[in-house]
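Chemist: The structure file run.csv (CSV, C-alpha atoms) is provided below.
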chain,number,residue,atom,x,y,z
A,5,MET,CA,96.3,52.3,106.4
A,6,ALA,CA,98.6,54.2,104.0
A,7,ALA,CA,98.4,57.9,103.9
A,8,THR,CA,99.3,60.1,100.9
A,9,GLN,CA,101.4,63.1,101.8
A,10,ARG,CA,101.2,66.0,99.4
A,11,SER,CA,104.2,68.0,98.6
A,12,SER,CA,104.3,71.5,100.0
A,13,LEU,CA,106.6,74.2,101.1
A,14,VAL,CA,106.4,77.5,103.0
A,15,VAL,CA,107.8,80.6,101.4
A,16,GLU,CA,108.2,83.4,104.0
A,17,ILE,CA,108.9,86.9,102.6
A,18,GLY,CA,108.7,89.9,104.8
A,19,GLY,CA,107.7,87.8,107.8
A,20,LEU,CA,104.6,86.5,106.0
A,21,PRO,CA,104.6,82.7,105.5
A,22,ILE,CA,102.7,81.3,102.6
A,23,ARG,CA,102.3,77.6,102.2
A,24,LEU,CA,102.2,76.2,98.7
A,25,HIS,CA,100.7,72.8,97.9
A,26,CYS,CA,101.1,70.8,94.8
A,27,ASP,CA,100.6,67.2,93.7
A,28,ASP,CA,103.9,67.3,91.7
A,29,PRO,CA,106.9,66.9,94.1
A,30,ALA,CA,109.3,67.9,91.3
A,31,PHE,CA,107.6,71.3,91.0
A,32,ILE,CA,107.8,71.9,94.7
A,33,ARG,CA,111.4,71.0,94.6
A,34,LEU,CA,111.9,73.5,91.8
A,35,LEU,CA,110.2,76.1,94.0
A,36,SER,CA,112.4,75.2,96.9
A,37,GLU,CA,115.4,76.0,94.8
A,38,ARG,CA,113.9,79.1,93.3
A,39,TYR,CA,113.1,80.6,96.8
A,40,GLN,CA,116.2,79.4,98.5
A,41,GLY,CA,116.8,81.4,101.6
A,42,TYR,CA,113.1,82.1,102.0
A,43,VAL,CA,111.8,78.6,102.5
A,44,THR,CA,111.0,77.9,106.1
A,45,SER,CA,109.3,74.5,105.7
A,46,TYR,CA,109.5,71.9,103.0
A,47,SER,CA,107.8,68.6,102.5
A,48,GLY,CA,108.6,67.1,99.2
A,49,GLY,CA,110.4,63.9,99.6
A,50,LEU,CA,113.8,65.4,99.1
A,51,GLN,CA,115.5,67.3,101.9
A,52,VAL,CA,116.3,70.9,101.1
A,53,PRO,CA,117.7,73.0,103.9
A,54,ALA,CA,115.0,75.3,105.2
A,55,ARG,CA,116.0,78.7,106.5
A,56,PRO,CA,115.3,79.0,110.2
A,57,ALA,CA,114.3,82.7,109.8
A,58,GLY,CA,117.2,84.1,111.8
A,59,GLY,CA,116.9,81.4,114.4
A,60,GLU,CA,113.5,82.5,115.5
A,61,PRO,CA,110.6,80.1,115.7
A,62,THR,CA,108.9,79.7,112.3
A,63,PRO,CA,105.4,81.2,112.4
A,64,ALA,CA,102.5,79.1,111.2
A,65,PRO,CA,101.6,79.8,107.5
A,66,SER,CA,99.3,82.7,107.1
A,67,PHE,CA,97.9,81.6,103.8
A,68,ASP,CA,97.6,78.4,101.8
A,69,PHE,CA,97.6,78.1,98.1
A,70,GLU,CA,96.9,75.0,96.0
A,71,ILE,CA,98.9,74.9,92.8
A,72,GLU,CA,97.3,73.1,89.9
A,73,LEU,CA,99.7,72.5,87.0
A,74,ALA,CA,98.4,72.9,83.5
A,75,PRO,CA,99.9,71.1,80.5
A,76,PRO,CA,102.8,73.0,78.8
A,77,GLY,CA,101.6,75.0,75.8
A,78,THR,CA,98.3,76.0,77.4
A,79,GLU,CA,99.4,79.5,78.3
A,80,SER,CA,98.5,82.5,76.3
A,81,GLY,CA,101.4,85.0,76.3
A,82,ASP,CA,99.4,87.9,75.0
A,83,ASP,CA,97.0,88.4,77.9
A,84,ASP,CA,97.7,91.4,80.2
A,85,LEU,CA,97.5,91.0,83.9
A,86,THR,CA,94.2,91.7,85.6
A,87,VAL,CA,93.6,91.8,89.3
A,88,THR,CA,90.0,92.3,90.4
A,89,TRP,CA,87.9,92.0,93.6
A,90,ASP,CA,84.8,89.9,93.1
A,91,SER,CA,82.5,88.3,95.6
A,92,GLY,CA,85.0,88.2,98.4
A,93,ARG,CA,87.9,87.0,96.4
A,94,TRP,CA,90.8,88.5,94.5
A,95,LEU,CA,91.0,87.2,91.0
A,96,MET,CA,94.3,87.4,89.2
A,97,GLN,CA,94.8,86.4,85.6
A,98,ARG,CA,97.5,86.6,83.0
A,99,GLY,CA,98.3,84.6,80.0
A,100,ASP,CA,100.4,82.1,82.0
A,101,PHE,CA,98.2,81.8,85.1
A,102,ARG,CA,94.8,82.1,86.7
A,103,ALA,CA,94.6,82.5,90.4
A,104,GLU,CA,92.1,83.4,93.1
A,105,TRP,CA,92.6,84.2,96.7
A,106,ASN,CA,90.1,84.6,99.5
A,107,PRO,CA,91.6,86.7,102.3
A,108,SER,CA,88.8,85.6,104.7
A,109,THR,CA,89.5,81.9,104.5
A,110,ALA,CA,93.2,82.5,103.9
A,111,ARG,CA,93.1,80.1,101.0
A,112,GLY,CA,93.8,80.4,97.3
A,113,ARG,CA,94.3,78.5,94.2
A,114,ILE,CA,96.7,78.9,91.3
A,115,GLU,CA,96.5,77.3,87.8
A,116,GLN,CA,99.7,77.6,85.9
A,117,THR,CA,102.2,75.8,83.8
A,118,ILE,CA,105.4,74.4,85.2
A,119,ASN,CA,107.5,77.5,85.6
A,120,PRO,CA,108.4,79.4,88.8
A,121,TYR,CA,107.9,82.8,87.3
A,122,SER,CA,104.1,82.6,87.2
A,123,LEU,CA,104.1,81.9,90.9
A,124,ASP,CA,106.5,84.8,91.4
A,125,SER,CA,103.9,87.1,90.0
A,126,VAL,CA,101.1,85.7,92.2
A,127,LEU,CA,103.3,86.1,95.3
A,128,ARG,CA,104.1,89.7,94.3
A,129,ILE,CA,100.4,90.5,93.9
A,130,VAL,CA,99.4,88.9,97.2
A,131,HIS,CA,102.1,90.6,99.1
A,132,THR,CA,101.2,93.9,97.4
A,133,LEU,CA,97.6,93.6,98.5
A,134,LEU,CA,98.5,92.6,102.0
A,135,LEU,CA,101.1,95.3,102.5
A,136,ALA,CA,98.8,98.1,101.3
A,137,ARG,CA,96.5,97.5,104.3
A,138,LYS,CA,99.5,97.9,106.6
A,139,GLY,CA,101.0,101.0,104.9
A,140,GLY,CA,103.7,99.1,103.2
A,141,PHE,CA,104.4,98.4,99.5
A,142,LEU,CA,106.6,96.7,97.0
A,143,ILE,CA,108.5,99.1,94.8
A,144,HIS,CA,110.7,98.8,91.7
A,145,SER,CA,114.0,99.4,93.3
A,146,SER,CA,117.2,97.7,94.3
A,147,SER,CA,118.1,97.9,98.0
A,148,ALA,CA,121.0,97.2,100.3
A,149,ILE,CA,121.9,97.4,103.9
A,150,ARG,CA,124.9,99.3,105.0
A,151,ASN,CA,126.0,100.0,108.5
A,152,GLY,CA,122.6,98.7,109.8
A,153,ARG,CA,120.5,101.0,107.6
A,154,ALA,CA,118.7,100.2,104.3
A,155,PHE,CA,119.0,102.3,101.2
A,156,LEU,CA,116.7,102.0,98.2
A,157,PHE,CA,117.5,102.9,94.6
A,158,SER,CA,114.3,103.3,92.7
A,159,GLY,CA,113.5,103.7,89.0
A,160,VAL,CA,111.9,102.3,86.0
A,161,SER,CA,113.5,99.6,83.9
A,162,GLY,CA,116.9,100.9,82.7
A,163,ALA,CA,117.2,103.5,85.4
A,164,GLY,CA,120.2,101.7,87.0
A,165,LYS,CA,118.7,99.5,89.8
A,166,THR,CA,120.8,96.5,88.9
A,167,THR,CA,123.8,98.7,88.2
A,168,MET,CA,123.7,100.1,91.7
A,169,ALA,CA,123.5,96.6,93.1
A,170,ARG,CA,126.5,95.5,91.0
A,171,LEU,CA,128.5,98.5,92.2
A,172,ALA,CA,127.7,97.9,95.9
A,173,PRO,CA,130.8,97.6,98.1
A,174,PRO,CA,131.6,94.4,99.9
A,175,ASP,CA,130.2,95.7,103.2
A,176,ALA,CA,126.8,96.2,101.7
A,177,THR,CA,124.1,93.4,102.1
A,178,LEU,CA,122.1,93.2,98.9
A,179,LEU,CA,118.3,92.8,99.6
A,180,THR,CA,117.3,92.8,95.9
A,181,ASP,CA,118.2,94.3,92.6
A,182,GLU,CA,114.6,94.5,91.3
A,183,ILE,CA,111.7,94.6,93.8
A,184,SER,CA,112.1,96.1,97.3
A,185,TYR,CA,109.8,95.1,100.1
A,186,VAL,CA,108.8,98.0,102.4
A,187,THR,CA,107.0,97.3,105.7
A,188,ARG,CA,105.6,99.8,108.2
A,189,GLN,CA,105.4,98.9,111.9
A,190,ASP,CA,105.0,101.3,114.8
A,191,GLY,CA,105.7,104.2,112.4
A,192,ARG,CA,109.0,102.7,111.3
A,193,TYR,CA,109.7,101.7,107.8
A,194,ASP,CA,111.9,98.7,107.1
A,195,ALA,CA,113.3,97.2,103.9
A,196,VAL,CA,113.2,93.5,103.8
A,197,GLY,CA,115.1,91.1,101.4
A,198,THR,CA,113.1,89.5,98.6
A,199,PRO,CA,113.7,86.6,96.3
A,200,PHE,CA,112.5,88.8,93.4
A,201,PHE,CA,115.5,89.5,91.2
A,202,GLY,CA,116.2,91.3,88.0
A,203,GLU,CA,119.2,91.2,85.7
A,204,LEU,CA,121.5,90.2,88.5
A,205,ALA,CA,119.7,86.8,88.7
A,206,ARG,CA,120.5,86.5,92.4
A,207,VAL,CA,118.1,86.1,95.3
A,208,GLY,CA,118.5,88.9,97.9
A,209,GLU,CA,119.6,88.3,101.4
A,210,ASN,CA,116.8,87.6,103.8
A,211,GLU,CA,117.6,90.4,106.1
A,212,ARG,CA,115.8,93.5,107.3
A,213,ALA,CA,116.8,97.1,108.3
A,214,PRO,CA,115.2,100.5,108.9
A,215,ILE,CA,115.2,102.6,105.7
A,216,GLU,CA,117.5,105.5,105.8
A,217,CYS,CA,116.7,107.0,102.4
A,218,VAL,CA,115.1,106.3,99.0
A,219,TYR,CA,117.0,107.5,96.0
A,220,LEU,CA,115.2,108.1,92.7
A,221,LEU,CA,117.7,107.2,90.1
A,222,ALA,CA,118.9,109.3,87.2
A,223,LYS,CA,121.9,108.7,85.0
A,224,GLY,CA,124.3,111.5,84.5
A,225,SER,CA,128.0,112.5,84.1
A,226,GLU,CA,128.6,113.0,87.8
A,227,ASN,CA,127.5,111.6,91.1
A,228,LYS,CA,125.2,113.9,93.1
A,229,ILE,CA,122.3,113.8,95.5
A,230,GLU,CA,119.6,116.5,95.3
A,231,PRO,CA,116.5,117.1,97.5
A,232,ILE,CA,113.0,116.5,96.3
A,233,ASP,CA,110.0,118.2,97.7
A,234,ALA,CA,107.2,116.1,99.3
A,235,ALA,CA,104.9,116.2,96.3
A,236,GLY,CA,107.7,115.2,93.9
A,237,ALA,CA,108.7,112.4,96.2
A,238,VAL,CA,105.1,111.1,96.3
A,239,ARG,CA,105.0,111.3,92.5
A,240,GLY,CA,108.3,109.5,92.2
A,241,LEU,CA,107.3,106.7,94.5
A,242,LEU,CA,103.9,106.2,93.0
A,243,GLY,CA,105.5,105.9,89.6
A,244,ASN,CA,107.5,102.9,90.9
A,245,ILE,CA,105.3,101.3,93.5
A,246,LEU,CA,103.8,98.0,92.2
A,247,PHE,CA,100.2,98.6,91.6
A,248,PHE,CA,98.2,95.7,90.3
A,249,ALA,CA,94.6,96.2,91.4
A,250,ARG,CA,92.5,99.0,90.0
A,251,ASP,CA,90.0,98.7,92.9
A,252,PRO,CA,89.3,102.3,94.2
A,253,GLU,CA,89.8,101.4,97.9
A,254,PHE,CA,93.1,99.7,97.1
A,255,VAL,CA,94.3,102.8,95.1
A,256,LYS,CA,93.5,105.0,98.1
A,257,LEU,CA,95.5,102.7,100.3
A,258,VAL,CA,98.5,102.8,98.1
A,259,PHE,CA,98.3,106.6,97.8
A,260,ASP,CA,98.1,106.9,101.6
A,261,ALA,CA,101.0,104.5,101.9
A,262,ALA,CA,103.2,106.7,99.7
A,263,VAL,CA,102.2,109.9,101.5
A,264,GLY,CA,102.8,108.3,104.9
A,265,PHE,CA,106.2,107.0,103.8
A,266,VAL,CA,107.3,110.4,102.5
A,267,SER,CA,106.3,112.0,105.8
A,268,ARG,CA,108.8,109.8,107.6
A,269,VAL,CA,111.6,108.8,105.2
A,270,PRO,CA,113.7,111.1,103.0
A,271,VAL,CA,113.4,110.7,99.3
A,272,ARG,CA,116.1,112.2,97.2
A,273,ARG,CA,117.3,112.3,93.6
A,274,LEU,CA,120.5,110.4,92.9
A,275,THR,CA,122.2,111.2,89.7
A,276,PHE,CA,125.1,108.9,89.1
A,277,ALA,CA,127.8,107.9,86.6
A,278,PRO,CA,128.0,104.2,86.5
A,279,ASP,CA,131.1,103.6,88.6
A,280,ALA,CA,131.6,102.5,92.2
A,281,ARG,CA,132.4,106.0,93.5
A,282,VAL,CA,128.7,106.6,93.7
A,283,TRP,CA,128.6,104.5,96.8
A,284,GLU,CA,130.9,107.0,98.6
A,285,LEU,CA,127.7,109.1,98.8
A,286,ILE,CA,125.7,106.3,100.3
A,287,GLN,CA,126.6,106.2,103.9
B,8,MET,CA,65.2,127.9,85.2
B,9,ASN,CA,68.2,127.2,87.4
B,10,ASP,CA,71.4,128.2,85.8
B,11,LYS,CA,73.5,127.4,88.8
B,12,ARG,CA,76.2,124.8,88.6
B,13,TYR,CA,77.1,122.6,91.5
B,14,VAL,CA,80.3,120.8,92.0
B,15,SER,CA,81.1,117.9,94.2
B,16,ARG,CA,84.3,116.0,94.9
B,17,SER,CA,84.2,112.4,93.6
B,18,THR,CA,84.3,109.7,96.2
B,19,ALA,CA,86.6,107.7,93.9
B,20,ILE,CA,89.6,109.8,94.7
B,21,ALA,CA,92.3,110.1,97.3
B,22,ALA,CA,93.6,113.6,98.1
B,23,ARG,CA,96.3,115.1,100.4
B,24,VAL,CA,97.9,118.4,100.8
B,25,LEU,CA,101.7,118.1,100.5
B,26,GLY,CA,103.6,121.3,101.0
B,27,ASP,CA,101.9,123.9,98.9
B,28,GLU,CA,100.2,121.5,96.6
B,29,MET,CA,97.1,119.5,96.7
B,30,MET,CA,97.7,116.0,95.2
B,31,VAL,CA,94.6,114.2,94.0
B,32,MET,CA,94.7,110.6,92.7
B,33,SER,CA,91.9,109.1,90.7
B,34,ALA,CA,91.0,105.8,92.2
B,35,THR,CA,89.6,104.6,88.9
B,36,THR,CA,92.5,105.4,86.6
B,37,SER,CA,95.3,105.7,89.2
B,38,THR,CA,96.2,109.0,87.6
B,39,LEU,CA,97.8,111.6,89.8
B,40,PHE,CA,96.9,115.3,89.6
B,41,THR,CA,98.4,118.4,91.3
B,42,LEU,CA,96.2,121.4,92.0
B,43,ASP,CA,97.5,124.9,92.3
B,44,GLU,CA,96.3,127.3,95.1
B,45,VAL,CA,93.2,128.5,93.3
B,46,ALA,CA,92.2,125.1,92.2
B,47,THR,CA,92.7,123.8,95.7
B,48,VAL,CA,90.3,126.4,97.1
B,49,ILE,CA,87.6,125.4,94.6
B,50,TRP,CA,88.3,121.7,95.2
B,51,GLU,CA,88.0,122.1,99.0
B,52,ALA,CA,84.7,124.1,98.6
B,53,ALA,CA,83.2,121.6,96.2
B,54,ASP,CA,80.7,120.2,98.6
B,55,GLY,CA,77.8,119.6,96.1
B,56,ALA,CA,75.6,122.1,97.9
B,57,THR,CA,77.3,125.4,97.2
B,58,PRO,CA,76.9,126.8,93.6
B,59,LEU,CA,80.1,127.4,91.8
B,60,ASP,CA,79.5,131.1,91.4
B,61,GLU,CA,79.2,131.4,95.2
B,62,ILE,CA,82.4,129.5,95.7
B,63,VAL,CA,84.2,131.8,93.3
B,64,THR,CA,82.8,135.0,94.9
B,65,ASN,CA,83.1,133.9,98.6
B,66,LYS,CA,86.2,131.8,98.4
B,67,VAL,CA,88.4,132.6,95.4
B,68,CYS,CA,87.8,136.3,95.1
B,69,ALA,CA,88.1,136.7,98.9
B,70,GLN,CA,91.6,135.2,98.8
B,71,PHE,CA,93.0,136.2,95.4
B,72,ASP,CA,93.2,139.5,93.5
B,73,ILE,CA,90.9,138.6,90.7
B,74,THR,CA,87.6,139.9,89.4
B,75,PRO,CA,84.5,137.6,89.8
B,76,GLU,CA,84.0,137.5,86.0
B,77,VAL,CA,87.5,136.3,85.2
B,78,ALA,CA,87.6,134.0,88.2
B,79,LEU,CA,84.3,132.4,87.3
B,80,LYS,CA,85.4,131.9,83.7
B,81,ASP,CA,88.6,130.2,84.8
B,82,ALA,CA,86.7,128.1,87.4
B,83,GLU,CA,84.3,126.9,84.7
B,84,VAL,CA,87.2,125.6,82.6
B,85,LEU,CA,88.9,124.1,85.7
B,86,VAL,CA,85.8,122.1,86.9
B,87,GLU,CA,85.1,120.9,83.4
B,88,GLN,CA,88.7,119.5,83.2
B,89,LEU,CA,88.5,117.9,86.6
B,90,ALA,CA,85.1,116.4,85.8
B,91,GLU,CA,86.5,114.9,82.6
B,92,HIS,CA,89.1,113.1,84.7
B,93,GLY,CA,86.4,111.9,87.1
B,94,LEU,CA,87.7,114.0,90.0
B,95,LEU,CA,84.6,116.2,90.3
B,96,LEU,CA,80.9,115.8,89.6
B,97,LEU,CA,79.0,118.6,87.9
B,98,SER,CA,75.3,119.2,88.0
B,99,ASP,CA,72.7,121.9,87.7
B,100,GLN,CA,71.2,120.6,90.8
B,101,PRO,CA,72.7,120.1,94.3
B,102,ILE,CA,74.6,116.9,94.4
B,103,LEU,CA,74.0,114.3,97.2
B,104,GLN,CA,76.7,111.6,97.2
B,105,SER,CA,76.8,108.3,98.9
B,106,SER,CA,80.2,107.7,100.4
B,107,ALA,CA,79.7,104.0,100.3
B,108,SER,CA,82.1,102.1,98.1
B,109,PRO,CA,82.5,98.4,97.7
B,110,LYS,CA,84.3,97.1,100.8
B,111,VAL,CA,87.5,95.2,100.1
B,112,ASN,CA,88.8,92.9,102.7
B,113,LEU,CA,92.5,92.4,102.3
What is this structure when it is put down as structure tokens?

Modeler:
Amino acid sequence: MAATQRSSLVVEIGGLPIRLHCDDPAFIRLLSERYQGYVTSYSGGLQVPARPAGGEPTPAPSFDFEIELAPPGTESGDDDLTVTWDSGRWLMQRGDFRAEWNPSTARGRIEQTINPYSLDSVLRIVHTLLLARKGGFLIHSSSAIRNGRAFLFSGVSGAGKTTMARLAPPDATLLTDEISYVTRQDGRYDAVGTPFFGELARVGENERAPIECVYLLAKGSENKIEPIDAAGAVRGLLGNILFFARDPEFVKLVFDAAVGFVSRVPVRRLTFAPDARVWELIQ
Amino acid sequence: MNDKRYVSRSTAIAARVLGDEMMVMSATTSTLFTLDEVATVIWEAADGATPLDEIVTNKVCAQFDITPEVALKDAEVLVEQLAEHGLLLLSDQPILQSSASPKVNL
């Protein structure tokens, strides 16, 4: 009896494996290229090297998503993103995708057109929701590891996240130039590499390190680091933490995550002139 | 006729003291507010059962050098503003709130 094998791959970000299924092997192959370095399992007919997650055994997928591809041209570019909790499911919707995810069954479904960026958004949302419960978050920032410690450079679009990534010295390991992944475990906060990139258009290294400091970016004529009080640090972080769901309990979790983070990790203001000397301050 | 005003903290907020400031975040609008010392005293005393004028007399005037008349006038303005942003509930009757909110299972 012949068996039909569906195409699938597992994308593991922050130690959380998510299996993606789709009837279209070409799309799964596209995803395997998009998430290169974060794919721990692949079944699509063509062999793509799967990252062995630092040599450790690959954990079983925590969640499964079925991807249903809609015909090109069916997306509506004007619709804003909405994320709502309804009847035990998270519902996510934007012009280019509709998705639902049931945390209890660990299963979800995504309807989208053939582009990897819709899935990018769904993954960011799912990780944001999961991290909030654990005191972590995704934040608009570039990040890099230097001497075994991670540094985050946070700010809105145009603040200099990608510039800091471009100016990083050769000994720095770039985790992302756009969205940093912050986890909390046993009171320790780590930055983890992500495949979410900005203008640099380069997937971050899939590495992890304890966070030494978060710098809120400001452009100026000289390079300097200034302290920020706790309230200012929370304000600064909350302005940059990815924040999709307007659910009251979720908002409280994110607020608590920011406060908890500030109690453990220094947050400072980094004013910088766009040249490589700024990295002399980042040690 | 009861001309007392009662104030109660909304359950749809998250609040923490950070340094000298009380930070309050609206869970419905995600807007962040910072309260000064006097506002923090009123905020913490807003239990829904204690009338505002008693909060002003027993808490605010006890801690700050201000007359009850001025303090009450300022407090009235403050609670109106906080209520507009959904951080406080106002009523001419004691306020009993359910702390229950829809449970989200992440």

Chemist: Need the shell around A:Pro199: protein/DNA/RNA residues with any atom at most 7 Å away, counting all atoms listed in the file. Skip same-chain ones fewer than 3 positions apart. Format as a list in words?

Modeler: Tyr39, Val207 and Gly208 of chain A

Chemist: Using all atoms listed in the file and a cut-off of 7 Å, which residues of chain A sit close to chain B? Please list them as a VMD selection string.

Modeler: chain A and resid 107 133 to 134 137 234 to 235 250 252 to 253 255 to 256 259

Chemist: Write the selection just made, keeping C-alpha atoms, as a compact mmCIF listing (two decimals), keeping the file's coordinate frame?

Modeler:
# COMPACT_ATOMS: atom_id res chain seq x y z
CA PRO A 107 91.60 86.70 102.30
CA LEU A 133 97.60 93.60 98.50
CA LEU A 134 98.50 92.60 102.00
CA ARG A 137 96.50 97.50 104.30
CA ALA A 234 107.20 116.10 99.30
CA ALA A 235 104.90 116.20 96.30
CA ARG A 250 92.50 99.00 90.00
CA PRO A 252 89.30 102.30 94.20
CA GLU A 253 89.80 101.40 97.90
CA VAL A 255 94.30 102.80 95.10
CA LYS A 256 93.50 105.00 98.10
CA PHE A 259 98.30 106.60 97.80

Chemist: Show me the residues around (113.6, 89.0, 90.5) - criterion: an atom at most 8 Å away, only C-alpha atoms counted - as a list in words.

Modeler: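 The residues that fall inside the cut-off are Thr180, Asp181, Glu182, Ile183, Pro199, Phe200, Phe201, Gly202, Glu203, Ala205, Arg206 and Val207 of chain A.
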
Chemist: Of the candidates A:Asn210, A:Thr117, A:Ser66, A:Ser125, which shows the shortest atom-to-atom distance to A:Thr86, using all atoms listed in the file?

Modeler: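 Using all atoms listed in the file, the shortest distance to A:Thr86 belongs to A:Ser125.
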
Chemist: Show me the residues close to (104.4, 74.1, 95.6) - anything with an atom within 10 Å, counting all atoms listed in the file - and format the list as a ChimeraX atom specification.

Modeler: /A:10-15,23-36,46-48,69-73,120,123

Chemist: Limited to C-alpha atoms, could you put the picked residues into a file as a CSV table (one decimal), in the coordinates of the input?

Modeler:
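What ended up in part.csv:
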chain,number,residue,atom,x,y,z
A,10,ARG,CA,101.2,66.0,99.4
A,11,SER,CA,104.2,68.0,98.6
A,12,SER,CA,104.3,71.5,100.0
A,13,LEU,CA,106.6,74.2,101.1
A,14,VAL,CA,106.4,77.5,103.0
A,15,VAL,CA,107.8,80.6,101.4
A,23,ARG,CA,102.3,77.6,102.2
A,24,LEU,CA,102.2,76.2,98.7
A,25,HIS,CA,100.7,72.8,97.9
A,26,CYS,CA,101.1,70.8,94.8
A,27,ASP,CA,100.6,67.2,93.7
A,28,ASP,CA,103.9,67.3,91.7
A,29,PRO,CA,106.9,66.9,94.1
A,30,ALA,CA,109.3,67.9,91.3
A,31,PHE,CA,107.6,71.3,91.0
A,32,ILE,CA,107.8,71.9,94.7
A,33,ARG,CA,111.4,71.0,94.6
A,34,LEU,CA,111.9,73.5,91.8
A,35,LEU,CA,110.2,76.1,94.0
A,36,SER,CA,112.4,75.2,96.9
A,46,TYR,CA,109.5,71.9,103.0
A,47,SER,CA,107.8,68.6,102.5
A,48,GLY,CA,108.6,67.1,99.2
A,69,PHE,CA,97.6,78.1,98.1
A,70,GLU,CA,96.9,75.0,96.0
A,71,ILE,CA,98.9,74.9,92.8
A,72,GLU,CA,97.3,73.1,89.9
A,73,LEU,CA,99.7,72.5,87.0
A,120,PRO,CA,108.4,79.4,88.8
A,123,LEU,CA,104.1,81.9,90.9

Chemist: What gap, in Å, lies between atom CA of B:Gln100 and atom CA of B:Ala52?

Modeler: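 Going from atom CA of B:Gln100 over to atom CA of B:Ala52, I get 16.0 Å.
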
Chemist: So that I can see what lies close to B:Ser98, please list as JSON, numbers by chain the residues with an atom at most 8 Å from it, counting only C-alpha atoms and leaving out residues fewer than 3 positions away in the same chain.

Modeler: {"B": [12, 13, 14, 101, 102]}

Chemist: Would you mind reading off the distance between atom CA of A:Phe155 and atom CA of A:Ala176, one decimal, in Å?

Modeler: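 Atom CA of A:Phe155 sits 9.9 Å away from atom CA of A:Ala176.
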
Chemist: Any idea what the distance is between atom CA of A:Ser158 and atom CA of A:Leu246?

Modeler: 11.8 Å

Chemist: Could you name the residues that touch A:Gly139 at 9 Å or less, counting all atoms listed in the file, but leaving out those on the same chain fewer than 3 positions away, as a list in words?

Modeler: Leu135, Ala136, Val186, Thr187, Arg188, Gln189, Leu257, Val258, Asp260, Ala261, Ala262, Gly264 and Phe265 of chain A
